[in-house]
Amino acid sequence: MMILAGDIGGTKTNLALYEAQAEGLSLVEEYKALSRDYESLESLIERFVKKIEHPLQAACFGIPGPVIGGASKTTNLPWFVDEKSLARALRLDAVYLINDLEATAYGIPALDGDQLMMLNAGVPEEHGNVALIAAGTGLGQAALGWDGERQRVMASEGGHADFAPRSELEIELLRYLLTLHEHVSYERVLSGPGLVNIYNFLKACGYATEPDWLHQALIASDDQAQVISQTALAETAEMCVKALDIFATVYGAQAGNLAL
């Protein structure tokens, strides 16, 4: 049985063809692309399936946004994705769309100890609920709840909940973001663009002087968040270090909110 799986992101899309065997899934072929290079998911998939020599039996895609009635208007992409349209394009009876963090949640029970990193030690509860949070192009959140027999996945758009500042500096950050956006969600802070928002806020309030080399690097880059984070980790620019520090502390706070 050949299965086409897709992780659709606001920045990049990963497609993979798997063969379902008795001992599990075996990767046959994969394809990676920048999402915005394509006008639709169908056009991106068409590029990949042309190379596939094996007939498909099933396909499922994780989408960055809410999936309602088998369709989704992606949050950080100008795409409208529909199960029926994809099924026609792939010549399948059915194609399934699920939220991208919902897709991640389905994979959590399959992870082993070597694929996990402990951040804060505690006493695990065997049948406890599980919360997921993932900052990328946007902010994804999901959960798994124990129903008495197994963990059931629940999708969420909690990343669009109102940003709740916890300090004078974060209150000023909120005021700054309100000059740019009518609604300030956690995603405006906890995402690649969110890290850039934090940096620009610090620059606007004169937190530190921006070195000329950094200014030029940011202008030249099509991924300013990567420049800021790498510079912060190298500790070569004070403003980047502070921006990443704010990002990490807000990330921790929202992870705690989600756990509650």
# chains A, B, ... in the order shown; residues from 1 in each chain; ligands from 1
$ residues_around --residues "region 50-56 of chain A" --least-positions-apart "4" --cutoff "9 Å" --atoms "only C-alpha atoms" --output "count of residues only"
11
$ select_by_dssp --residues "region 167-253 of chain A" --states "alpha helix (DSSP H)" --output "MDAnalysis selection string"
chainID A and resid 168:178 192:204 212:220 224:234 238:253
$ residues_around --residues "Gly145 (chain A)" --least-positions-apart "2" --cutoff "8 Å" --atoms "only C-alpha atoms" --output "PyMOL selection string"
chain A and resi 128-130+143+147+151-154
$ select_by_dssp --residues "region 149-218 of chain A" --states "strand (DSSP E or B)" --output "PyMOL selection string"
chain A and resi 151-156+162+185
$ atom_distance --atom1 "CA of Ser43 (chain A)" --atom2 "CA of Gly65 (chain A)"
19.3 Å
$ closest_atom_pairs --of "region 110-184 of chain A" --to "region 198-206 of chain A" --cutoff "10 Å" --atoms "only C-alpha atoms" --output "Markdown table"
| residue | atom | partner | partner_atom | distance |
| --- | --- | --- | --- | --- |
| A:Leu169 | CA | A:Leu202 | CA | 9.6 |
| A:Glu170 | CA | A:Ile198 | CA | 9.6 |
| A:Glu172 | CA | A:Phe201 | CA | 8.7 |
| A:Leu173 | CA | A:Phe201 | CA | 6.4 |
| A:Leu174 | CA | A:Phe201 | CA | 9.5 |
| A:Arg175 | CA | A:Phe201 | CA | 9.7 |
| A:Tyr176 | CA | A:Phe201 | CA | 6.6 |
| A:Leu177 | CA | A:Phe201 | CA | 8.0 |
$ closest_residue --among "A:Leu101, A:Ala22, A:Ala71, A:Val81" --to "Ala134 (chain A)" --atoms "only C-alpha atoms"
A:Leu101
$ closest_atom_pairs --of "region 83-152 of chain A" --to "region 233-253 of chain A" --cutoff "12 Å" --atoms "only C-alpha atoms" --output "tab-separated table"
residue	atom	partner	partner_atom	distance
A:Leu119	CA	A:Gly252	CA	10.8
A:Asn120	CA	A:Gly252	CA	11.3
A:Ile133	CA	A:Tyr251	CA	8.9
A:Ala134	CA	A:Tyr251	CA	9.3
A:Ala135	CA	A:Tyr251	CA	8.4
A:Gly136	CA	A:Tyr251	CA	11.8
A:Leu139	CA	A:Tyr251	CA	10.0
A:Gly140	CA	A:Tyr251	CA	11.9
A:Gln141	CA	A:Tyr251	CA	11.9
$ residues_around --residues "Asn99 (chain A)" --least-positions-apart "3" --cutoff "7 Å" --atoms "only C-alpha atoms" --output "ChimeraX atom specification"
/A:62-67,102-103,155
$ write_last_selection --atoms "all heavy atoms" --output "JSON list (two decimals), in the first residue's frame"
[["chain", "number", "residue", "atom", "x", "y", "z"],
["A", 62, "GLY", "N", -1.04, 17.54, 6.45],
["A", 62, "GLY", "CA", -1.17, 18.42, 7.59],
["A", 62, "GLY", "C", -1.11, 19.86, 7.12],
["A", 62, "GLY", "O", -0.16, 20.26, 6.46],
["A", 63, "ILE", "N", -2.14, 20.65, 7.46],
["A", 63, "ILE", "CA", -2.31, 22.00, 6.94],
["A", 63, "ILE", "C", -2.17, 23.03, 8.06],
["A", 63, "ILE", "O", -2.75, 22.85, 9.14],
["A", 63, "ILE", "CB", -3.71, 22.14, 6.29],
["A", 63, "ILE", "CG1", -3.88, 21.13, 5.15],
["A", 63, "ILE", "CG2", -3.94, 23.55, 5.78],
["A", 63, "ILE", "CD1", -3.02, 21.41, 3.95],
["A", 64, "PRO", "N", -1.43, 24.14, 7.83],
["A", 64, "PRO", "CA", -1.29, 25.16, 8.88],
["A", 64, "PRO", "C", -2.51, 26.07, 8.95],
["A", 64, "PRO", "O", -2.54, 27.18, 8.43],
["A", 64, "PRO", "CB", -0.04, 25.94, 8.43],
["A", 64, "PRO", "CG", -0.07, 25.83, 6.93],
["A", 64, "PRO", "CD", -0.63, 24.47, 6.63],
["A", 65, "GLY", "N", -3.56, 25.58, 9.60],
["A", 65, "GLY", "CA", -4.78, 26.35, 9.74],
["A", 65, "GLY", "C", -5.93, 25.42, 10.10],
["A", 65, "GLY", "O", -5.79, 24.20, 10.08],
["A", 66, "PRO", "N", -7.09, 25.98, 10.42],
["A", 66, "PRO", "CA", -8.25, 25.14, 10.75],
["A", 66, "PRO", "C", -8.78, 24.42, 9.52],
["A", 66, "PRO", "O", -8.84, 24.99, 8.43],
["A", 66, "PRO", "CB", -9.27, 26.14, 11.29],
["A", 66, "PRO", "CG", -8.89, 27.45, 10.68],
["A", 66, "PRO", "CD", -7.40, 27.42, 10.53],
["A", 67, "VAL", "N", -9.15, 23.16, 9.69],
["A", 67, "VAL", "CA", -9.77, 22.38, 8.61],
["A", 67, "VAL", "C", -11.24, 22.21, 8.96],
["A", 67, "VAL", "O", -11.59, 21.59, 9.97],
["A", 67, "VAL", "CB", -9.09, 21.00, 8.47],
["A", 67, "VAL", "CG1", -9.78, 20.19, 7.37],
["A", 67, "VAL", "CG2", -7.60, 21.17, 8.15],
["A", 102, "GLU", "N", -2.17, 18.90, 14.70],
["A", 102, "GLU", "CA", -2.92, 17.67, 14.91],
["A", 102, "GLU", "C", -2.13, 16.50, 14.34],
["A", 102, "GLU", "O", -2.03, 15.43, 14.96],
["A", 102, "GLU", "CB", -4.29, 17.78, 14.23],
["A", 102, "GLU", "CG", -5.18, 16.58, 14.39],
["A", 102, "GLU", "CD", -6.49, 16.72, 13.62],
["A", 102, "GLU", "OE1", -6.71, 17.77, 12.99],
["A", 102, "GLU", "OE2", -7.29, 15.76, 13.65],
["A", 103, "ALA", "N", -1.53, 16.70, 13.16],
["A", 103, "ALA", "CA", -0.71, 15.65, 12.55],
["A", 103, "ALA", "C", 0.50, 15.33, 13.44],
["A", 103, "ALA", "O", 0.84, 14.17, 13.65],
["A", 103, "ALA", "CB", -0.24, 16.10, 11.17],
["A", 155, "ALA", "N", -7.39, 19.15, 17.72],
["A", 155, "ALA", "CA", -6.76, 20.29, 17.05],
["A", 155, "ALA", "C", -7.09, 21.58, 17.80],
["A", 155, "ALA", "O", -8.03, 21.63, 18.60],
["A", 155, "ALA", "CB", -7.25, 20.38, 15.61]]
$ residues_around --residues "Gln226 (chain A)" --least-positions-apart "3" --cutoff "12 Å" --atoms "only C-alpha atoms" --output "list in words"
Gly136, Thr137, Ser191, Gly192, Pro193, Gly194, Leu195, Val196, Tyr199, Ala217, Leu218, Ser221, Asp222, Asp223, Ser229, Gln230, Thr231, Ala232, Leu233, Cys240 and Leu244 of chain A
$ closest_residue --among "A:Ala121, A:Gln254, A:Leu41, A:Ala5" --to "Leu25 (chain A)" --atoms "only C-alpha atoms"
A:Ala5
$ closest_residue --among "A:Asp37, A:Glu30, A:Asp212, A:Glu157" --to "Tyr186 (chain A)" --atoms "only C-alpha atoms"
A:Glu157
$ atom_distance --atom1 "CA of Leu77 (chain A)" --atom2 "CA of Ser35 (chain A)"
7.9 Å
$ residues_around --residues "region 11-14 of chain A" --least-positions-apart "2" --cutoff "6 Å" --atoms "only C-alpha atoms" --output "PyMOL selection string"
chain A and resi 6-9+31-35
$ atom_distance --atom1 "CA of Gln57 (chain A)" --atom2 "CA of Gly24 (chain A)"
16.0 Å
$ residues_around --residues "Phe80 (chain A)" --least-positions-apart "6" --cutoff "8 Å" --atoms "only C-alpha atoms" --output "list in words"
Ser40, Ala71, Ser72, Lys73 and Thr74 of chain A
$ write_last_selection --atoms "all heavy atoms" --output "CSV table (one decimal), in the first residue's frame"
chain,number,residue,atom,x,y,z
A,40,SER,N,-0.6,26.8,-5.6
A,40,SER,CA,-1.6,26.0,-4.9
A,40,SER,C,-0.9,24.7,-4.5
A,40,SER,O,0.2,24.4,-5.0
A,40,SER,CB,-2.7,25.6,-5.8
A,40,SER,OG,-2.3,24.8,-6.9
A,71,ALA,N,-12.0,21.3,4.2
A,71,ALA,CA,-11.3,22.4,3.4
A,71,ALA,C,-10.6,23.3,4.4
A,71,ALA,O,-11.0,23.4,5.6
A,71,ALA,CB,-12.3,23.2,2.6
A,72,SER,N,-9.6,24.1,3.9
A,72,SER,CA,-8.9,25.0,4.7
A,72,SER,C,-8.3,26.2,3.9
A,72,SER,O,-7.8,26.0,2.9
A,72,SER,CB,-7.7,24.3,5.4
A,72,SER,OG,-6.9,25.2,6.2
A,73,LYS,N,-8.5,27.4,4.5
A,73,LYS,CA,-7.8,28.6,3.9
A,73,LYS,C,-6.6,28.8,4.8
A,73,LYS,O,-6.7,29.1,6.0
A,73,LYS,CB,-8.8,29.8,4.0
A,73,LYS,CG,-8.1,31.1,3.7
A,73,LYS,CD,-7.6,31.1,2.2
A,73,LYS,CE,-7.0,32.5,1.9
A,73,LYS,NZ,-5.7,32.7,2.5
A,74,THR,N,-5.5,28.4,4.3
A,74,THR,CA,-4.2,28.4,5.1
A,74,THR,C,-3.9,29.7,5.7
A,74,THR,O,-4.1,30.8,5.0
A,74,THR,CB,-3.1,27.9,4.3
A,74,THR,OG1,-2.9,28.6,3.1
A,74,THR,CG2,-3.2,26.4,3.9
